[in-house]
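Asker: Sharing a structure below in structure tokens format, with a few things to ask.
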Amino acid sequence: MLKIEGLTAEVEGKQILKGVELEVPAGEIHAIMGPNGSGKSTLSYVLSGREGYEITGGSVSFNGVDLLALEPEERAATGLFLAFQYPVELPGVGNALFLRTALNAVRKARGESELDAMQFLKLARERLKALHISEDMLKRGVNVGFSGGEKKRNEVLQMALLQPKLAILDETDSGLDIDALKIVADGVNALRSPDFSALVITHYQRLLDYIVPDRVHVLMHGRIVQSGGPELAKQLEAEGYASVQAAA
Amino acid sequence: MTAHPTGHPSGAEGFLHRFEGLRSRLPGARLDFVDALRGEAAEAFRQQGFPTRRVEAWKYTDLRPVAAAGFDEPLTAIDTAPALPPAHGAARAVFVDGRFREDLSQLDGLGYAAANLAVALPRLQGRLGGLAADGAQPMVALNTMLFEDGLVVTVPAGVAAGVLDLVSVATASERPEAFHPRHLIRLEAGASLTLIETATGPSASRYLHNPVYEIEVAEGARLTHARLQQEGDAGFQLSTAYARIAEGGTYDNFTLNAGGKLVRNEIHAVLSGPRAACHMNGAQLLRDGQHADTTTVLDHAAPDCASRQTYKTVLAGRSRGVFQGKIHVHQIAQRTDGYQMNQVLLLSPEAEIDSKPQLEIYADDVKCSHGATVGEIDAEQLFYLRSRGIPEERARAMLVEAFLREAIEGVQDETARAALDAAVTRWWEGQEAAA
Ligand SMILES: Nc1ncnc2c1ncn2[C@@H]1O[C@H](COP(=O)(O)OP(=O)(O)O)[C@@H](O)[C@H]1O
Ligand SMILES: [Mg+2]
């Protein structure tokens, strides 16, 4: 599914990613943990094609496609989805219009028929219900005046609608109470299938109780320094990153 | 750009010449007060000619293309049946090339008085020219000198008049034509009216639409005035509105500039009684080669009044936007609450914006703020949309539309808001089709 080899990237002349090696096979969920500033968000932005990052080396292959050669919207069309650590507010853009435009753009790119307003509303209502999101969230401006938890749930709603092949969740659990955390986890678990993968970036082992990862990786100073099974997350929780640093 | 070296721009002579020739045949020629007003206006216009950029109020807008055009009288056949813009209510007053068209209008049985100016003139002594009395305004003087038709509305006390469409259609002609409609709107105490004005014109046809409005909002009355400026791409529209708002009255003006080659939207509003309110909002959507000027002069002349101004401008290609906003808070106008904001979205490095706010405050207990922002499309927002699969061009379009719709959201009257919203959509569809 996703294969990252020797990926190095700079921001404003400062090297942030220093040779990331990571492989996520189809159907697996991997977690990335690491201290603040280790490059987790940078990695997710580089994968989704945000401007301002200079890729200085390495490669990323996504289902055999050279991901780094694609525009952000093309990456989305091929099945990549990033749940932002800080979702962006779009005043004046209605959430319903936004979601429908995104869904139809992706459907069109995948050769599927576009949904009209009624068909969309029916689908959106189902997804909202499953995620315990109130319907009036559709009527508001995208993320405008949303609480932190609502913003994160809106990210999960987008993921549920766009049905990606690879979802990257960048600290989607931060600032969520336990109920919201379970909703987010349910959203991810509902997508689990042999051709869905996820990269779950988190600080806390807590989320991984609900989304049980196949592998856990530790990103430090722009490199994956350790990988293991779910028990690695528990060890990090107990001992902190110092132990990893020592081992690395 | 240099100002004219000497004398008047040539076009002024043509208008003065026409006035001399037509004077005895213009509407109201046999009414002394009308003829006297025209005579004074002609004298003022003779002395000033078209404003040049040496005049402070016209520093950013060069009228030489207008002055040089050499306009004729409209020679439209009286049975021309042009396509009319969509109606927003049952009542409408239609003007084709500035001439009132009774056959296309619907002003009967309204519960208030609405008529063509040329017919109503005998009853308008003291009212005509009552507000538009400033001799230092050459475009107003030109209008006074040559006006023929216009809309005269009087809504009696307490009457909720609903929606009235004011439609101006310019038709294609071989020679450039000029028309100078004069509209008088009066709302008596506690009355209300939603006036939706649509101005359209053919493409590639040069013409001048030079309307002047005299608007009186009495105690507790409320006028919503939505203006959809969709003139043809070679048309000039230079409009001047005077509004006087009495105690507890509200004047809510929204102007959408979506057409025209060279456009000026000038508003002079006076809050003359306590607790009066004035909203002057607008959006300008300018394509390559367009110039649009919004100039507002607001007088807070009574205590406890509120004013709100938000203008949003989107500039594409080599377009140019101008915003001049003056707020004058008189000494008596304690507890004034004033707000003025000019926001600009630049879509092209070749576009240009001039922004000149001006506050003159002579009262001491006043809340008055103003601001201006100039920006490009936000990169974070653009990336967010694209990361959801929305192609870049579409994502840009969504953000531009959002910027404009925010301005429209403030319009309280639903019919007016829907009309503006639809106009933005049409403009945007045209823009996308042209791209
Ligand atoms: N736009 C930027 N300009 C300069 N430095 C940046 C920028 N974005 C991130 N960085 C730096 O890159 C490093 C990694 O940041 P980030 O990827 O956000 O870390 P994480 O998500 O793991 O907390 C930090 O040292 C941060 O200061
Ligand atoms: Mg981060």
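Chain labels A, B, ... are given in the sequence in which chains occur in the structure tokens; within each chain residues are numbered consecutively from 1, and ligands are likewise numbered from 1 in the order shown.
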Within 6 Å of ligand 1 (counting only C-alpha atoms and all ligand atoms), which residues show up? I'd like them as a ChimeraX atom specification.

Answerer: /A:11-12,16,36-42

Asker: Restricting the output to N, CA and C atoms, write the selected residues as a JSON list (two decimals), in the first residue's frame.

Answerer:
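File produced: out27.json:
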[["chain", "number", "residue", "atom", "x", "y", "z"],
["A", 11, "VAL", "N", 12.23, 22.26, 5.59],
["A", 11, "VAL", "CA", 11.31, 23.40, 5.67],
["A", 11, "VAL", "C", 12.17, 24.62, 5.89],
["A", 12, "GLU", "N", 12.03, 25.59, 5.02],
["A", 12, "GLU", "CA", 12.80, 26.83, 5.13],
["A", 12, "GLU", "C", 14.27, 26.55, 5.40],
["A", 16, "ILE", "N", 14.07, 18.50, 8.33],
["A", 16, "ILE", "CA", 13.15, 17.98, 9.35],
["A", 16, "ILE", "C", 13.06, 16.46, 9.24],
["A", 36, "ASN", "N", 7.00, 15.84, 20.70],
["A", 36, "ASN", "CA", 6.69, 17.06, 19.95],
["A", 36, "ASN", "C", 7.89, 17.52, 19.14],
["A", 37, "GLY", "N", 7.63, 17.93, 17.92],
["A", 37, "GLY", "CA", 8.70, 18.48, 17.10],
["A", 37, "GLY", "C", 9.56, 17.43, 16.42],
["A", 38, "SER", "N", 9.15, 16.15, 16.50],
["A", 38, "SER", "CA", 9.99, 15.11, 15.90],
["A", 38, "SER", "C", 9.75, 14.98, 14.40],
["A", 39, "GLY", "N", 8.69, 15.63, 13.87],
["A", 39, "GLY", "CA", 8.47, 15.61, 12.42],
["A", 39, "GLY", "C", 7.24, 14.84, 11.98],
["A", 40, "LYS", "N", 6.34, 14.52, 12.92],
["A", 40, "LYS", "CA", 5.16, 13.71, 12.58],
["A", 40, "LYS", "C", 4.23, 14.47, 11.63],
["A", 41, "SER", "N", 3.93, 15.72, 11.99],
["A", 41, "SER", "CA", 3.04, 16.49, 11.11],
["A", 41, "SER", "C", 3.73, 16.78, 9.77],
["A", 42, "THR", "N", 5.01, 17.04, 9.84],
["A", 42, "THR", "CA", 5.75, 17.28, 8.60],
["A", 42, "THR", "C", 5.61, 16.09, 7.66]]

Asker: Within 7 Å of range 170-179 of chain A, counting only C-alpha atoms, which residues qualify if same-chain residues fewer than 3 places away don't, as a list in words?

Answerer: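 Non-adjacent residues within range: Ser41, Ala83, Phe84, Gln85, Gly148, Gly149, Lys152, Lys182, Ile183, Val200, Ile201, Thr202 and Leu207 of chain A.
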
Asker: Could you please select, counting only C-alpha atoms, the residues of chain A within 7 Å of chain B and state them as JSON, numbers by chain?

Answerer: {"A": [48, 50, 72, 73, 74, 76, 77, 88, 90, 91, 92, 93, 101, 102, 105, 106]}

Asker: Could those residues be written to a file, using all heavy atoms, as a short mmCIF file (atom, residue, chain, number, x, y, z; two decimals), in the first residue's frame?

Answerer:
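That gives us result39.cif:
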data_model
loop_
_atom_site.label_atom_id
_atom_site.label_comp_id
_atom_site.auth_asym_id
_atom_site.auth_seq_id
_atom_site.Cartn_x
_atom_site.Cartn_y
_atom_site.Cartn_z
N SER A 48 0.78 14.38 1.92
CA SER A 48 -0.45 14.87 1.28
C SER A 48 -0.19 16.03 0.32
O SER A 48 -1.12 16.48 -0.36
CB SER A 48 -1.50 15.24 2.32
OG SER A 48 -0.94 16.06 3.30
N ARG A 50 1.40 19.25 0.76
CA ARG A 50 1.33 20.66 1.11
C ARG A 50 2.57 21.40 0.58
O ARG A 50 3.66 20.85 0.53
CB ARG A 50 1.29 20.77 2.64
CG ARG A 50 0.94 22.12 3.17
CD ARG A 50 1.15 22.04 4.67
NE ARG A 50 0.52 23.13 5.38
CZ ARG A 50 1.07 23.65 6.48
NH1 ARG A 50 2.22 23.19 6.93
NH2 ARG A 50 0.45 24.62 7.11
N PRO A 72 -1.97 17.67 -4.76
CA PRO A 72 -2.74 17.24 -3.57
C PRO A 72 -4.09 16.62 -3.93
O PRO A 72 -4.48 15.60 -3.36
CB PRO A 72 -2.95 18.56 -2.80
CG PRO A 72 -1.84 19.44 -3.22
CD PRO A 72 -1.50 19.06 -4.64
N GLU A 73 -4.81 17.24 -4.91
CA GLU A 73 -6.13 16.70 -5.25
C GLU A 73 -6.03 15.34 -5.94
O GLU A 73 -6.92 14.50 -5.80
CB GLU A 73 -6.93 17.70 -6.11
CG GLU A 73 -6.26 18.17 -7.38
CD GLU A 73 -5.48 19.49 -7.20
OE1 GLU A 73 -4.87 19.67 -6.12
OE2 GLU A 73 -5.49 20.31 -8.12
N GLU A 74 -4.92 15.13 -6.65
CA GLU A 74 -4.73 13.81 -7.29
C GLU A 74 -4.43 12.75 -6.23
O GLU A 74 -4.85 11.60 -6.34
CB GLU A 74 -3.58 13.88 -8.30
CG GLU A 74 -3.89 14.78 -9.49
CD GLU A 74 -2.67 15.02 -10.38
OE1 GLU A 74 -1.53 15.08 -9.87
OE2 GLU A 74 -2.87 15.16 -11.59
N ALA A 76 -5.61 12.78 -3.24
CA ALA A 76 -6.91 12.47 -2.63
C ALA A 76 -7.69 11.52 -3.52
O ALA A 76 -8.31 10.57 -3.05
CB ALA A 76 -7.69 13.75 -2.38
N ALA A 77 -7.64 11.77 -4.82
CA ALA A 77 -8.41 10.94 -5.76
C ALA A 77 -7.89 9.51 -5.79
O ALA A 77 -8.66 8.56 -5.96
CB ALA A 77 -8.36 11.55 -7.16
N VAL A 88 -8.71 23.39 9.19
CA VAL A 88 -8.73 24.78 8.75
C VAL A 88 -10.17 25.29 8.70
O VAL A 88 -11.07 24.60 8.25
CB VAL A 88 -8.07 24.87 7.35
CG1 VAL A 88 -8.08 26.30 6.84
CG2 VAL A 88 -6.65 24.32 7.41
N LEU A 90 -13.08 27.60 7.16
CA LEU A 90 -13.41 28.21 5.88
C LEU A 90 -14.68 29.05 6.01
O LEU A 90 -15.78 28.59 5.67
CB LEU A 90 -13.62 27.12 4.81
CG LEU A 90 -12.51 26.09 4.60
CD1 LEU A 90 -12.94 25.03 3.59
CD2 LEU A 90 -11.24 26.77 4.11
N PRO A 91 -14.55 30.29 6.49
CA PRO A 91 -15.74 31.12 6.65
C PRO A 91 -16.41 31.35 5.29
O PRO A 91 -15.73 31.58 4.30
CB PRO A 91 -15.19 32.45 7.19
CG PRO A 91 -13.81 32.16 7.66
CD PRO A 91 -13.32 30.99 6.87
N GLY A 92 -17.73 31.24 5.27
CA GLY A 92 -18.45 31.50 4.02
C GLY A 92 -18.61 30.27 3.14
O GLY A 92 -19.36 30.30 2.18
N VAL A 93 -17.89 29.19 3.46
CA VAL A 93 -18.07 27.94 2.70
C VAL A 93 -18.93 27.01 3.56
O VAL A 93 -18.51 26.59 4.63
CB VAL A 93 -16.72 27.25 2.40
CG1 VAL A 93 -16.95 25.95 1.62
CG2 VAL A 93 -15.79 28.17 1.63
N THR A 101 -18.93 18.81 -2.63
CA THR A 101 -17.97 19.13 -3.69
C THR A 101 -16.77 18.19 -3.62
O THR A 101 -16.30 17.68 -4.64
CB THR A 101 -17.50 20.59 -3.56
OG1 THR A 101 -18.64 21.45 -3.50
CG2 THR A 101 -16.63 20.99 -4.75
N ALA A 102 -16.29 17.94 -2.39
CA ALA A 102 -15.15 17.05 -2.22
C ALA A 102 -15.51 15.63 -2.66
O ALA A 102 -14.78 15.00 -3.43
CB ALA A 102 -14.70 17.07 -0.76
N ALA A 105 -15.89 15.45 -6.40
CA ALA A 105 -14.60 15.58 -7.09
C ALA A 105 -13.86 14.25 -7.07
O ALA A 105 -13.32 13.79 -8.08
CB ALA A 105 -13.77 16.68 -6.44
N VAL A 106 -13.88 13.63 -5.90
CA VAL A 106 -13.18 12.35 -5.76
C VAL A 106 -13.89 11.25 -6.55
O VAL A 106 -13.26 10.45 -7.24
CB VAL A 106 -13.04 11.99 -4.26
CG1 VAL A 106 -12.64 10.55 -4.07
CG2 VAL A 106 -12.03 12.92 -3.60
#

Asker: Quote the spacing between CA of Thr198 in chain B and CA of Asn116 in chain B in Å to one decimal place.

Answerer: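 Rounded to one decimal, the two atoms are 17.1 Å apart.
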
Asker: Would you return as a ChimeraX atom specification the members of range 1-85 of chain A that DSSP assigns to helix (DSSP H, G or I) on this structure's backbone?

Answerer: /A:40-48,67-69,72-77

Asker: Take CA of Ala118 in chain B and CA of Arg175 in chain B and report the distance between them in Å, one decimal.

Answerer: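 About the pair CA of Ala118 in chain B and CA of Arg175 in chain B: they are 24.9 Å apart.
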
Asker: Restricting the calculation to only C-alpha atoms and all ligand atoms, which member of A:Leu161, A:Leu208, A:Leu169, A:Met137 is positioned closest to ligand 2?

Answerer: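 Looking at the shortest contact to ligand 2, the residue is A:Leu169.
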
Asker: Return the single residue from A:Pro25, A:Gly141, A:Gly34, A:Gly79 that is closest to ligand 2, with distances computed using only C-alpha atoms and all ligand atoms.

Answerer: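 Smallest separation from ligand 2 among the options: A:Gly34.
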
Asker: Hey, what's within 12 Å of Ala31 in chain A if we count only C-alpha atoms and toss same-chain stuff fewer than 6 positions away? As a ChimeraX atom specification, please?

Answerer: /A:22-24,40,167-171,197-209,211-219,224,226-233

Asker: With only C-alpha atoms as the atoms that count, which of B:Gly21, B:Gly338, B:Pro65, B:Gly375 lies nearest to Cys278 in chain B?

Answerer: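 Residue with the minimum atom-to-atom distance to Cys278 in chain B: B:Gly338.
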
Asker: With distances taken over only C-alpha atoms, which of A:Ser134, A:Thr56, A:Ser44, A:Asn63 is nearest to Glu150 in chain A?

Answerer: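 Selected residue with least distance to Glu150 in chain A: A:Ser134.
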
Asker: According to DSSP computed on the backbone, where in range 87-312 of chain B is there strand (DSSP E)? Give the residues as a VMD selection string.

Answerer: chain B and resid 91 to 96 99 to 100 113 to 116 151 to 155 160 to 169 177 to 179 182 to 187 192 to 200 207 to 209 212 to 217 222 to 230 236 to 245 250 to 257 262 to 271 277 to 286 291 to 300 306 to 312

Asker: Kindly indicate which residue among B:Pro303, B:Gly14, B:Pro357, B:Pro202 lies nearest to Ser369 in chain B, using only C-alpha atoms for the distances.

Answerer: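 Among B:Pro303, B:Gly14, B:Pro357, B:Pro202, it is B:Pro357 that comes nearest to Ser369 in chain B.
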